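Everything below belongs to coords_33.cif, which stores mmCIF, C-alpha atoms.
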```
data_entry
#
loop_
_atom_site.group_PDB
_atom_site.id
_atom_site.type_symbol
_atom_site.label_atom_id
_atom_site.label_comp_id
_atom_site.auth_asym_id
_atom_site.auth_seq_id
_atom_site.Cartn_x
_atom_site.Cartn_y
_atom_site.Cartn_z
ATOM 1 C CA MET A 1 -18.606 72.608 -9.188
ATOM 2 C CA SER A 2 -17.251 69.107 -9.623
ATOM 3 C CA GLN A 3 -15.201 69.401 -6.414
ATOM 4 C CA GLN A 4 -18.287 70.457 -4.476
ATOM 5 C CA ALA A 5 -20.199 67.486 -5.854
ATOM 6 C CA ALA A 6 -17.384 65.038 -5.024
ATOM 7 C CA SER A 7 -16.761 66.232 -1.486
ATOM 8 C CA PRO A 8 -19.865 64.681 0.179
ATOM 9 C CA LYS A 9 -19.018 61.309 -1.392
ATOM 10 C CA VAL A 10 -15.492 61.434 0.013
ATOM 11 C CA ASP A 11 -16.785 62.515 3.406
ATOM 12 C CA LYS A 12 -19.386 59.727 3.466
ATOM 13 C CA ARG A 13 -16.824 57.067 2.563
ATOM 14 C CA GLU A 14 -14.481 58.372 5.258
ATOM 15 C CA ALA A 15 -17.329 58.385 7.771
ATOM 16 C CA ILE A 16 -18.028 54.724 6.991
ATOM 17 C CA LEU A 17 -14.347 53.786 7.341
ATOM 18 C CA GLN A 18 -14.051 55.688 10.631
ATOM 19 C CA ALA A 19 -17.222 54.122 12.026
ATOM 20 C CA THR A 20 -15.982 50.659 11.059
ATOM 21 C CA LEU A 21 -12.670 51.329 12.780
ATOM 22 C CA GLU A 22 -14.375 52.510 15.971
ATOM 23 C CA VAL A 23 -16.955 49.726 16.107
ATOM 24 C CA MET A 24 -14.521 46.908 15.386
ATOM 25 C CA ALA A 25 -11.869 48.229 17.732
ATOM 26 C CA GLU A 26 -14.495 48.543 20.465
ATOM 27 C CA PHE A 27 -16.516 45.365 19.972
ATOM 28 C CA GLY A 28 -14.267 43.067 17.938
ATOM 29 C CA PHE A 29 -14.713 41.674 14.470
ATOM 30 C CA GLU A 30 -17.266 39.053 15.410
ATOM 31 C CA ASN A 31 -19.488 41.476 17.327
ATOM 32 C CA ALA A 32 -19.517 44.348 14.847
ATOM 33 C CA PRO A 33 -22.695 44.048 12.776
ATOM 34 C CA MET A 34 -23.188 46.221 9.728
ATOM 35 C CA SER A 35 -26.281 47.685 11.387
ATOM 36 C CA LEU A 36 -24.091 49.218 14.103
ATOM 37 C CA ILE A 37 -21.613 50.547 11.542
ATOM 38 C CA SER A 38 -24.545 52.029 9.630
ATOM 39 C CA LYS A 39 -25.887 53.724 12.747
ATOM 40 C CA ARG A 40 -22.476 55.070 13.795
ATOM 41 C CA SER A 41 -21.631 56.399 10.308
ATOM 42 C CA LYS A 42 -25.154 57.722 9.618
ATOM 43 C CA ALA A 43 -25.021 55.857 6.296
ATOM 44 C CA SER A 44 -27.722 53.412 5.252
ATOM 45 C CA PRO A 45 -26.686 49.805 4.500
ATOM 46 C CA GLY A 46 -27.393 50.538 0.843
ATOM 47 C CA ILE A 47 -24.927 53.434 0.868
ATOM 48 C CA ILE A 48 -22.296 51.281 2.590
ATOM 49 C CA TYR A 49 -22.661 48.555 -0.018
ATOM 50 C CA HIS A 50 -22.467 51.198 -2.727
ATOM 51 C CA TYR A 51 -18.896 51.921 -1.634
ATOM 52 C CA PHE A 52 -17.897 48.430 -0.498
ATOM 53 C CA ALA A 53 -18.954 45.136 -2.072
ATOM 54 C CA SER A 54 -18.948 43.216 1.211
ATOM 55 C CA LYS A 55 -18.059 43.462 4.879
ATOM 56 C CA ASP A 56 -14.708 41.842 4.100
ATOM 57 C CA ASP A 57 -13.982 44.533 1.509
ATOM 58 C CA LEU A 58 -14.903 47.217 4.032
ATOM 59 C CA VAL A 59 -12.610 45.737 6.675
ATOM 60 C CA GLU A 60 -9.773 45.458 4.154
ATOM 61 C CA ALA A 61 -10.275 49.117 3.170
ATOM 62 C CA VAL A 62 -9.924 50.184 6.800
ATOM 63 C CA TYR A 63 -6.743 48.137 7.121
ATOM 64 C CA ASN A 64 -5.270 49.615 3.914
ATOM 65 C CA ARG A 65 -6.118 53.107 5.179
ATOM 66 C CA ILE A 66 -4.278 52.538 8.471
ATOM 67 C CA TYR A 67 -1.356 50.863 6.728
ATOM 68 C CA SER A 68 -0.957 53.775 4.322
ATOM 69 C CA LYS A 69 -1.164 56.459 7.013
ATOM 70 C CA SER A 70 1.413 54.724 9.218
ATOM 71 C CA LEU A 71 3.844 54.552 6.291
ATOM 72 C CA GLN A 72 3.195 58.209 5.480
ATOM 73 C CA ALA A 73 4.281 59.054 9.025
ATOM 74 C CA PHE A 74 7.595 57.270 8.437
ATOM 75 C CA GLU A 75 8.167 58.909 5.042
ATOM 76 C CA THR A 76 7.726 62.332 6.652
ATOM 77 C CA VAL A 77 10.575 61.859 9.144
ATOM 78 C CA ASP A 78 12.950 59.660 7.129
ATOM 79 C CA ASP A 79 16.212 61.356 6.114
ATOM 80 C CA PRO A 80 18.069 59.284 3.498
ATOM 81 C CA GLN A 81 21.246 61.245 4.253
ATOM 82 C CA ALA A 82 21.285 60.339 7.967
ATOM 83 C CA PRO A 83 23.445 57.492 9.300
ATOM 84 C CA LEU A 84 21.633 54.156 9.233
ATOM 85 C CA PRO A 85 21.355 53.781 13.028
ATOM 86 C CA LEU A 86 19.607 57.170 13.201
ATOM 87 C CA ARG A 87 17.312 56.312 10.281
ATOM 88 C CA TYR A 88 16.366 53.105 12.040
ATOM 89 C CA GLN A 89 15.795 54.983 15.297
ATOM 90 C CA SER A 90 13.516 57.443 13.489
ATOM 91 C CA LEU A 91 11.536 54.549 12.045
ATOM 92 C CA TRP A 92 11.204 52.887 15.436
ATOM 93 C CA LEU A 93 10.209 56.071 17.276
ATOM 94 C CA THR A 94 7.754 57.054 14.532
ATOM 95 C CA ILE A 95 6.007 53.699 14.829
ATOM 96 C CA TYR A 96 5.841 54.045 18.612
ATOM 97 C CA HIS A 97 4.416 57.575 18.573
ATOM 98 C CA TYR A 98 1.974 56.819 15.771
ATOM 99 C CA CYS A 99 0.645 53.802 17.663
ATOM 100 C CA PHE A 100 0.509 55.669 20.973
ATOM 101 C CA GLU A 101 -1.501 58.466 19.359
ATOM 102 C CA HIS A 102 -3.811 56.090 17.455
ATOM 103 C CA PRO A 103 -4.970 53.416 19.927
ATOM 104 C CA LEU A 104 -8.091 52.524 17.914
ATOM 105 C CA GLU A 105 -5.980 51.859 14.845
ATOM 106 C CA VAL A 106 -3.606 49.639 16.829
ATOM 107 C CA ALA A 107 -6.488 47.677 18.351
ATOM 108 C CA PHE A 108 -7.875 47.177 14.851
ATOM 109 C CA LEU A 109 -4.485 46.111 13.442
ATOM 110 C CA ASP A 110 -3.962 43.566 16.190
ATOM 111 C CA GLN A 111 -7.367 42.006 15.561
ATOM 112 C CA TYR A 112 -7.039 42.083 11.787
ATOM 113 C CA GLU A 113 -3.561 40.593 11.619
ATOM 114 C CA ASN A 114 -4.596 37.744 13.906
ATOM 115 C CA SER A 115 -7.709 37.003 11.880
ATOM 116 C CA PRO A 116 -7.548 33.868 9.680
ATOM 117 C CA SER A 117 -9.316 35.769 6.906
ATOM 118 C CA ALA A 118 -6.897 38.717 6.937
ATOM 119 C CA ARG A 119 -5.586 39.879 3.583
ATOM 120 C CA PRO A 120 -2.365 41.925 3.332
ATOM 121 C CA PRO A 121 -2.545 45.482 2.006
ATOM 122 C CA LYS A 122 -2.464 45.826 -1.766
ATOM 123 C CA ASN A 123 1.157 45.951 -2.991
ATOM 124 C CA ALA A 124 2.386 45.539 0.590
ATOM 125 C CA LEU A 125 5.932 44.590 1.352
ATOM 126 C CA PRO A 126 6.071 40.790 1.618
ATOM 127 C CA VAL A 127 6.034 39.198 5.052
ATOM 128 C CA GLU A 128 6.904 35.612 4.142
ATOM 129 C CA ASN A 129 9.485 33.794 6.224
ATOM 130 C CA MET A 130 12.416 34.888 4.082
ATOM 131 C CA SER A 131 15.898 35.635 5.266
ATOM 132 C CA PHE A 132 16.676 39.350 5.302
ATOM 133 C CA GLU A 133 18.956 38.791 2.312
ATOM 134 C CA GLN A 134 16.172 37.123 0.326
ATOM 135 C CA PHE A 135 13.728 39.829 1.382
ATOM 136 C CA SER A 136 16.005 42.680 0.249
ATOM 137 C CA ASP A 137 16.660 40.891 -3.059
ATOM 138 C CA HIS A 138 12.918 40.488 -3.561
ATOM 139 C CA ILE A 139 12.009 44.151 -3.078
ATOM 140 C CA ALA A 140 14.953 45.196 -5.283
ATOM 141 C CA GLN A 141 13.325 43.526 -8.289
ATOM 142 C CA PRO A 142 12.167 46.336 -10.622
ATOM 143 C CA ASP A 143 8.651 44.945 -11.070
ATOM 144 C CA VAL A 144 8.168 44.515 -7.306
ATOM 145 C CA TYR A 145 9.629 47.924 -6.447
ATOM 146 C CA ALA A 146 7.489 49.620 -9.113
ATOM 147 C CA ARG A 147 4.280 48.333 -7.476
ATOM 148 C CA LEU A 148 5.098 49.842 -4.092
ATOM 149 C CA SER A 149 3.534 53.073 -2.933
ATOM 150 C CA THR A 150 5.706 56.153 -2.337
ATOM 151 C CA GLU A 151 5.712 55.430 1.384
ATOM 152 C CA GLU A 152 6.605 51.766 0.882
ATOM 153 C CA LYS A 153 9.467 52.797 -1.388
ATOM 154 C CA ALA A 154 10.901 54.902 1.456
ATOM 155 C CA LEU A 155 10.896 51.865 3.741
ATOM 156 C CA ALA A 156 12.218 49.610 0.961
ATOM 157 C CA ASP A 157 15.063 52.060 0.302
ATOM 158 C CA LEU A 158 16.077 51.857 3.962
ATOM 159 C CA VAL A 159 16.039 48.048 3.805
ATOM 160 C CA ARG A 160 18.133 48.062 0.638
ATOM 161 C CA GLU A 161 20.647 50.503 2.148
ATOM 162 C CA LEU A 162 21.002 48.298 5.221
ATOM 163 C CA ARG A 163 21.815 45.399 2.908
ATOM 164 C CA LYS A 164 24.156 47.483 0.739
ATOM 165 C CA GLN A 165 26.222 48.570 3.736
ATOM 166 C CA ASN A 166 26.171 45.024 5.142
ATOM 167 C CA ARG A 167 24.863 46.332 8.456
ATOM 168 C CA ILE A 168 22.065 43.845 9.041
ATOM 169 C CA ASN A 169 22.286 40.392 10.603
ATOM 170 C CA ASP A 170 21.071 37.681 8.234
ATOM 171 C CA LEU A 171 18.044 36.765 10.308
ATOM 172 C CA PRO A 172 14.635 35.718 9.026
ATOM 173 C CA GLN A 173 13.103 39.040 8.028
ATOM 174 C CA VAL A 174 10.182 38.351 10.359
ATOM 175 C CA ALA A 175 12.710 38.842 13.185
ATOM 176 C CA PHE A 176 13.652 42.224 11.718
ATOM 177 C CA PHE A 177 9.986 43.237 11.639
ATOM 178 C CA GLU A 178 9.428 41.902 15.147
ATOM 179 C CA PHE A 179 12.109 44.159 16.655
ATOM 180 C CA SER A 180 11.465 47.082 14.309
ATOM 181 C CA VAL A 181 7.655 47.203 14.096
ATOM 182 C CA TYR A 182 5.931 45.001 16.647
ATOM 183 C CA VAL A 183 8.037 45.879 19.695
ATOM 184 C CA PRO A 184 7.275 49.629 19.431
ATOM 185 C CA ARG A 185 3.647 48.861 18.608
ATOM 186 C CA ARG A 186 3.146 46.676 21.686
ATOM 187 C CA LEU A 187 4.951 49.125 23.959
ATOM 188 C CA ALA A 188 2.809 51.977 22.642
ATOM 189 C CA ARG A 189 -0.388 50.047 23.225
ATOM 190 C CA GLN A 190 0.642 49.221 26.787
ATOM 191 C CA ALA A 191 1.704 52.824 27.466
ATOM 192 C CA ALA A 192 -1.600 54.152 26.149
ATOM 193 C CA THR A 193 -3.529 52.147 28.758
ATOM 194 C CA SER A 194 -1.070 52.314 31.643
ATOM 195 C CA PRO A 195 -0.236 55.058 34.154
ATOM 196 C CA LEU A 196 3.452 54.272 33.584
ATOM 197 C CA LYS A 197 4.679 56.386 30.667
ATOM 198 C CA LEU A 198 7.979 55.879 28.878
ATOM 199 C CA ALA A 199 10.218 58.949 28.631
ATOM 200 C CA GLU A 200 11.731 59.784 25.252
ATOM 201 C CA LYS A 201 15.219 58.861 26.510
ATOM 202 C CA ASP A 202 13.894 55.430 27.481
ATOM 203 C CA LEU A 203 12.324 54.981 24.058
ATOM 204 C CA ILE A 204 15.588 55.933 22.363
ATOM 205 C CA ALA A 205 17.456 53.413 24.527
ATOM 206 C CA ILE A 206 14.976 50.668 23.609
ATOM 207 C CA ALA A 207 15.194 51.598 19.914
ATOM 208 C CA GLN A 208 18.981 51.386 20.115
ATOM 209 C CA SER A 209 18.721 47.957 21.766
ATOM 210 C CA CYS A 210 16.487 46.782 18.932
ATOM 211 C CA TRP A 211 19.009 48.129 16.423
ATOM 212 C CA ASN A 212 21.777 46.225 18.189
ATOM 213 C CA ALA A 213 19.657 43.062 17.971
ATOM 214 C CA VAL A 214 19.236 43.246 14.179
ATOM 215 C CA ALA A 215 22.342 45.122 13.019
ATOM 216 C CA ARG A 216 26.091 44.767 13.146
#
```
Could you express the structure from this file as structure tokens?
Amino acid sequence: MSQQAASPKVDKREAILQATLEVMAEFGFENAPMSLISKRSKASPGIIYHYFASKDDLVEAVYNRIYSKSLQAFETVDDPQAPLPLRYQSLWLTIYHYCFEHPLEVAFLDQYENSPSARPPKNALPVENMSFEQFSDHIAQPDVYARLSTEEKALADLVRELRKQNRINDLPQVAFFEFSVYVPRRLARQAATSPLKLAEKDLIAIAQSCWNAVAR
């Protein structure tokens, strides 16, 4: 009985999040009025504000939803027993394929992360301009690690193993994320809108080049 009563609420919240994603990816943050989100989600403004205190909170919820799902995709394919180069390749290819298959999400991420009002996901891995060594030390702190989600822990464990085996170049960690996250994301976005498609062997070669850029 309780599950039946809760289901419409979950569905309505998801409908609002999906409508926000579609509208903002299509029209941009500045041209996405709540009235259009309301119309697309079939939820009145009152219902929207019942779930979300403000438009900023709604946008942040969409971003957290995308962030969580992308990390879940990585956790699914990560094999802690595999050699580090193959674990890295799996991460890289997972990001590429997720982004290729979710163009609306990527368009939203690009807009959100370039917005001056953007807020990072709750408990997200830090993205300050640390060295990789400082970054791995930071996420190894018990209180920091404990706040991470299951999916974030999988990524943090990979980072810590790279440090433990001394396989990573001591670059600013933003460089690590540039090669490891943003390169596959940009390639996927271009491939999704271009007649030129990258074969899997080409993607593997690019992933290996990125590994060679950050690892030793």
Residue nearest Leu104 in chain A among A:Tyr63, A:Val181, A:Pro195, A:Arg13 (counting only C-alpha atoms)
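Checking each of A:Tyr63, A:Val181, A:Pro195, A:Arg13 against Leu104 in chain A, counting only C-alpha atoms, the winner is A:Tyr63.
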Under the PyMOL selection byres ((chain A and resi 84) around 12), which residues of this model are included? Write them out as a PyMOL selection string.
chain A and resi 78-83+85-91+157-168+208+211-212+215-216
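Across the model, the gap from CA of Phe108 in chain A to CA of Ser38 in chain A is 18.1 Å.
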Taking (6.9, 48.3, 24.5) in the file's own coordinates, collect the residues within 12 Å, counting all atoms listed in the file, and hand them back as a PyMOL selection string.
chain A and resi 92-93+95-97+99-100+178-194+196-199+202-207+210
Is it possible to get the residues within 9 Å of (-18.6, 50.8, 9.9) (coordinates as in the file, counting all atoms listed in the file) written as a ChimeraX atom specification?
/A:15-24,32-41,43,48,55,58-59
Coordinates-based distance that separates CA of Tyr112 in chain A from CA of Ala140 in chain A (Å, one decimal):
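Atom-to-atom, CA of Ala140 in chain A and CA of Tyr112 in chain A are spaced 28.0 Å apart.
Ranking A:Leu155, A:Ala73, A:Met130, A:Val144 by their shortest atom-to-atom distance to Val174 in chain A, with all atoms listed in the file included, puts A:Met130 first.
The closest residue to Glu133 in chain A, picked from A:Ala156, A:Leu171, A:Leu148, A:Val214 and counting only C-alpha atoms, is A:Leu171.
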How far is it from CA of Ile66 in chain A to CA of His102 in chain A, in Å with one decimal?
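Distance between the two atoms: 9.7 Å.
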Taking the file as shown, find all residues satisfying the PyMOL selection byres ((chain A and resi 70) around 9) and write them as a PyMOL selection string.
chain A and resi 65-69+71-75+94-95+98-99+151
